[in-house]
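K.L.:
Quick one: this structure, given as C-alpha cells, is what I'll be asking you about.
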Amino acid sequence: MKSTQKQKEILIQELRDEGIRDAEVLAAIEKIPRELFVLAEYQIEAYSDIALPIEHQQTISQPYIVARMTEALHLTGSMDKVLEIGGGSGYQAAILSELAKEVYSVERIRALYEQAKMRLQKLNIKNVKFYYGDGYLGWEEHAPYDAIIVTAATKTLPNTLIEQLKVGGRMIIPVGEFYNQQLLLVTKTSCGLDQQTLDPVRFVPLLPGVE
C-alpha cells in the first residue's frame, strides 16, 4: 500500500488535472487528514477522488467537489466569515478553516454535529464554531457572511440564506432534483443576485428540522 503522503501527492495532481488551480485550496486538501473523517473500513480509500459513506447514511464529498466548491468562493483569508450548511463529518469545515478567518458550521443530525466538533478539537482547529440546528434557517446570530457553502441540495435558493449573505458575498449551492442538480455560484449584489452554473452534481437533499 502506498504511503499516506504519496496518496496525497497523487490526489493533488489529479485535482490539478481536473482543473483546480487555487494553490491555497490544494494546500488545505493536502494538509487536512481526510482519513480521520471517514469510517474506519474506508480509510484505505481516503485519498481516492471519490465520495465515501460516513455515519447516519450520509457521505463525505469527493475531494474534487470539496475543492471545486471551496475554490469557487474565492476566499481571501484573514477577513472572510463563512457559513457552512450541512457540516457532516466536519471535513469541509476543516478545509475552510485553512482559508477563512471564521467558519460557522450548521448540522441537523446531532450525532454528526458532536463527532465533527470532536474531530476538529483533536486537530486543534479553533476558528470553526458548530451549531446543531436547521440548515434552512442558517445561523442568524453571526450574519452577515462573506460566503456561504451549502453541502446538500435544495429545489430553490433558500431566501433565509440569501438574507444572511453580505452584499458582494458569494454562495455555492447545489440546486435541483436528485437526478438533475446543478452547482450554482450565487453572488449577491445591490441590484439582486447573479447566478452562474458550474457543474452537474448529485447531493443528498437539504432537509428541514433536526434529528
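Letters A, B, ... go to the chains of the C-alpha cells in the order shown; residues in each chain start at 1; ligands are counted from 1 in the same order.
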Near Lys155 of chain A, counting only C-alpha atoms, which residues have an atom at most 10 Å away, once you skip same-chain residues fewer than 5 positions from it, shown as a CSV table (one decimal) with C-alpha atoms, in the first residue's frame?
P.N.:
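Everything below was put into selection-v3.csv:
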```csv
chain,number,residue,atom,x,y,z
A,174,PRO,CA,-26.4,22.5,-5.4
A,175,VAL,CA,-29.9,23.2,-6.7
A,176,GLY,CA,-32.4,20.8,-8.4
A,177,GLU,CA,-34.0,17.4,-8.1
A,178,PHE,CA,-31.8,14.4,-7.2
A,181,GLN,CA,-28.8,19.0,-9.9
A,205,PRO,CA,-31.3,16.8,-0.1
A,206,LEU,CA,-31.2,19.5,2.4
```
K.L.:
Give me the segment 69-89 of chain A side of the contact with segment 125-133 of chain A, cut-off 12 Å, one line per residue showing its nearest atom pair and distance in Å at one decimal, counting only C-alpha atoms, sorted by chain and residue number, as a Markdown table.
P.N.:
```
| residue | atom | partner | partner_atom | distance |
| --- | --- | --- | --- | --- |
| A:Ser78 | CA | A:Asn127 | CA | 11.2 |
| A:Asp80 | CA | A:Asn127 | CA | 11.4 |
| A:Lys81 | CA | A:Asn127 | CA | 10.0 |
| A:Val82 | CA | A:Val128 | CA | 9.4 |
| A:Leu83 | CA | A:Lys129 | CA | 9.7 |
| A:Glu84 | CA | A:Phe130 | CA | 9.4 |
| A:Ile85 | CA | A:Gly133 | CA | 9.7 |
| A:Gly86 | CA | A:Gly133 | CA | 9.8 |
| A:Gly87 | CA | A:Phe130 | CA | 8.1 |
| A:Gly88 | CA | A:Phe130 | CA | 10.9 |
| A:Ser89 | CA | A:Phe130 | CA | 11.7 |
```
K.L.:
Could you turn the residues from that selection into a file that holds C-alpha atoms, as a tab-separated table (two decimals), in the first residue's frame?
P.N.:
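New file result_30.tsv:
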```
chain	number	residue	atom	x	y	z
A	78	SER	CA	-7.86	36.90	7.02
A	80	ASP	CA	-13.62	36.14	5.47
A	81	LYS	CA	-16.52	34.91	7.59
A	82	VAL	CA	-18.01	31.71	6.11
A	83	LEU	CA	-21.24	29.86	6.86
A	84	GLU	CA	-21.39	26.15	6.07
A	85	ILE	CA	-24.78	24.44	5.85
A	86	GLY	CA	-24.53	20.67	6.30
A	87	GLY	CA	-21.49	20.10	8.47
A	88	GLY	CA	-21.50	16.32	8.07
A	89	SER	CA	-18.19	14.78	9.09
```
K.L.:
If we count only C-alpha atoms, what is near Val38 of chain A at a cut-off of 8 Å, once residues fewer than 3 positions away on the same chain are taken out, given as a ChimeraX atom specification?
P.N.:
/A:34-35,42-43,46,52-54,60,89
K.L.:
Among segment 37-163 of chain A, which ones does DSSP place in strand (DSSP E or B), written as a CSV table (one decimal) with N, CA and C atoms, in the first residue's frame?
P.N.:
```csv
chain,number,residue,atom,x,y,z
A,52,LEU,N,-17.4,9.0,-0.1
A,52,LEU,CA,-17.4,7.9,0.8
A,52,LEU,C,-18.5,8.0,1.8
A,53,PRO,N,-19.0,6.8,2.3
A,53,PRO,CA,-20.0,6.8,3.3
A,53,PRO,C,-19.4,7.3,4.7
A,59,THR,N,-22.7,11.1,3.5
A,59,THR,CA,-21.5,10.9,2.7
A,59,THR,C,-20.6,12.0,2.9
A,60,ILE,N,-19.3,11.8,2.7
A,60,ILE,CA,-18.3,12.8,2.6
A,60,ILE,C,-18.0,13.0,1.1
A,77,GLY,N,-9.1,35.0,2.8
A,77,GLY,CA,-8.3,34.6,4.0
A,77,GLY,C,-8.6,35.4,5.3
A,78,SER,N,-7.8,36.3,5.7
A,78,SER,CA,-7.9,36.9,7.0
A,78,SER,C,-9.2,37.6,7.4
A,79,MET,N,-10.0,38.0,6.4
A,79,MET,CA,-11.2,38.8,6.7
A,79,MET,C,-12.5,38.0,6.5
A,80,ASP,N,-12.4,36.8,5.9
A,80,ASP,CA,-13.6,36.1,5.5
A,80,ASP,C,-14.3,35.4,6.6
A,81,LYS,N,-15.6,35.6,6.7
A,81,LYS,CA,-16.5,34.9,7.6
A,81,LYS,C,-17.4,34.0,6.7
A,82,VAL,N,-17.3,32.7,7.0
A,82,VAL,CA,-18.0,31.7,6.1
A,82,VAL,C,-19.0,30.9,6.9
A,83,LEU,N,-20.2,30.7,6.3
A,83,LEU,CA,-21.2,29.9,6.9
A,83,LEU,C,-21.3,28.6,6.0
A,84,GLU,N,-21.2,27.4,6.7
A,84,GLU,CA,-21.4,26.1,6.1
A,84,GLU,C,-22.7,25.5,6.5
A,85,ILE,N,-23.5,25.1,5.6
A,85,ILE,CA,-24.8,24.4,5.9
A,85,ILE,C,-24.6,23.0,5.5
A,100,ALA,N,-10.2,30.8,5.7
A,100,ALA,CA,-11.0,31.9,6.2
A,100,ALA,C,-10.7,32.2,7.7
A,101,LYS,N,-11.1,33.4,8.1
A,101,LYS,CA,-10.8,33.8,9.4
A,101,LYS,C,-11.8,33.1,10.4
A,102,GLU,N,-13.1,33.0,10.0
A,102,GLU,CA,-14.1,32.4,10.9
A,102,GLU,C,-15.0,31.5,10.0
A,103,VAL,N,-15.3,30.3,10.6
A,103,VAL,CA,-16.2,29.4,9.9
A,103,VAL,C,-17.3,29.0,10.9
A,104,TYR,N,-18.5,29.1,10.4
A,104,TYR,CA,-19.7,28.7,11.2
A,104,TYR,C,-20.4,27.6,10.5
A,105,SER,N,-20.5,26.4,11.2
A,105,SER,CA,-21.0,25.2,10.5
A,105,SER,C,-22.3,24.7,11.2
A,106,VAL,N,-23.3,24.5,10.4
A,106,VAL,CA,-24.6,24.1,10.9
A,106,VAL,C,-24.9,22.7,10.5
A,107,GLU,N,-25.3,21.8,11.4
A,107,GLU,CA,-25.6,20.4,11.1
A,107,GLU,C,-26.9,20.0,11.8
A,128,VAL,N,-13.4,27.4,13.9
A,128,VAL,CA,-14.7,26.8,13.5
A,128,VAL,C,-15.6,26.7,14.7
A,129,LYS,N,-16.8,27.3,14.5
A,129,LYS,CA,-17.8,27.1,15.5
A,129,LYS,C,-19.0,26.2,14.9
A,130,PHE,N,-19.5,25.3,15.7
A,130,PHE,CA,-20.5,24.4,15.3
A,130,PHE,C,-21.9,24.7,15.9
A,131,TYR,N,-22.9,24.5,15.2
A,131,TYR,CA,-24.3,24.7,15.7
A,131,TYR,C,-25.2,23.6,15.2
A,132,TYR,N,-25.9,23.1,16.2
A,132,TYR,CA,-26.9,22.0,15.9
A,132,TYR,C,-28.2,22.7,15.6
A,145,TYR,N,-22.6,37.1,6.3
A,145,TYR,CA,-21.4,36.3,5.9
A,145,TYR,C,-20.9,36.7,4.6
A,146,ASP,N,-19.5,36.6,4.5
A,146,ASP,CA,-18.9,36.9,3.2
A,146,ASP,C,-19.1,35.8,2.2
A,147,ALA,N,-19.3,34.6,2.7
A,147,ALA,CA,-19.5,33.4,1.8
A,147,ALA,C,-20.4,32.4,2.6
A,148,ILE,N,-21.2,31.7,1.8
A,148,ILE,CA,-22.0,30.6,2.3
A,148,ILE,C,-21.8,29.4,1.4
A,149,ILE,N,-21.5,28.2,2.0
A,149,ILE,CA,-21.4,27.0,1.2
A,149,ILE,C,-22.4,26.0,1.7
A,150,VAL,N,-23.2,25.4,0.8
A,150,VAL,CA,-24.3,24.5,1.2
A,150,VAL,C,-23.9,23.2,0.6
A,153,ALA,N,-28.6,19.5,-1.3
A,153,ALA,CA,-29.3,20.1,-2.4
A,153,ALA,C,-30.6,20.7,-2.0
A,154,THR,N,-31.0,21.8,-2.6
A,154,THR,CA,-32.3,22.4,-2.4
A,154,THR,C,-33.0,22.5,-3.8
```
K.L.:
Measuring atom to atom with only C-alpha atoms, identify which of A:His74, A:Lys8, A:Arg16, A:Arg21 is nearest to Leu185 of chain A.
P.N.:
A:His74
K.L.:
Using DSSP secondary structure from the backbone, list all alpha helix (DSSP H) positions within segment 3-166 of chain A, as a ChimeraX atom specification.
P.N.:
/A:4-17,23-31,63-72,91-97,110-122,159-163
K.L.:
Do you have the atom CA of Leu26 of chain A-atom CA of Ala116 of chain A distance handy?
P.N.:
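Computing the Euclidean distance for atom CA of Leu26 of chain A and atom CA of Ala116 of chain A yields 21.6 Å.
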K.L.:
Show me, as a ChimeraX atom specification, the residues that have an atom within 12 Å of Glu211 of chain A when counting only C-alpha atoms, minus same-chain residues fewer than 6 positions from it.
P.N.:
/A:56,107-113,132-135
K.L.:
Set the distance at 10 Å and use only C-alpha atoms: which residues neighbour Asp194 of chain A once local chain neighbours fewer than 3 positions away are removed? I'd like the list as a ChimeraX atom specification.
P.N.:
/A:170,184-189,191
K.L.:
Write out, as a compact mmCIF listing (two decimals), in the first residue's frame, the residues just selected, with C-alpha atoms.
P.N.:
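Everything below was put into selection.txt:
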```txt
# COMPACT_ATOMS: atom_id res chain seq x y z
CA ARG A 170 -20.88 34.54 -2.64
CA LEU A 184 -24.66 27.25 -8.64
CA LEU A 185 -22.41 30.15 -7.67
CA VAL A 186 -24.65 32.97 -6.47
CA THR A 187 -23.28 36.48 -5.94
CA LYS A 188 -25.40 38.97 -4.01
CA THR A 189 -25.31 42.46 -5.49
CA CYS A 191 -29.37 45.03 -7.53
```
K.L.:
From the list A:Glu71, A:Asp199, A:Glu98, A:Glu55, which residue is nearest Gln115 of chain A when using only C-alpha atoms?
P.N.:
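Among the listed residues, A:Glu55 lies closest to Gln115 of chain A.
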K.L.:
Which is closer to Val66 of chain A than all the others in A:Thr151, A:Ser97, A:Ser48, A:Gln7, using only C-alpha atoms?
P.N.:
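Using only C-alpha atoms, the shortest distance to Val66 of chain A belongs to A:Thr151.
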K.L.:
Would you mind reading off the distance between atom CA of Ala67 of chain A and atom CA of Ala152 of chain A, one decimal, in Å?
P.N.:
15.6 Å
K.L.:
From the list A:Gln62, A:Thr70, A:Gln5, A:Gln57, which residue is nearest Glu24 of chain A when using only C-alpha atoms?
P.N.:
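The shortest atom-to-atom distance to Glu24 of chain A comes from A:Thr70.
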K.L.:
Please report the interatomic distance between atom CA of Gln196 of chain A and atom CA of Arg68 of chain A in Å with one decimal.
P.N.:
13.6 Å
K.L.:
Of the candidates A:Glu114, A:Glu141, A:Glu41, A:Glu30, which one gets nearest to Ile95 of chain A if we count only C-alpha atoms?
P.N.:
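Ranking A:Glu114, A:Glu141, A:Glu41, A:Glu30 by distance to Ile95 of chain A, first place goes to A:Glu30.
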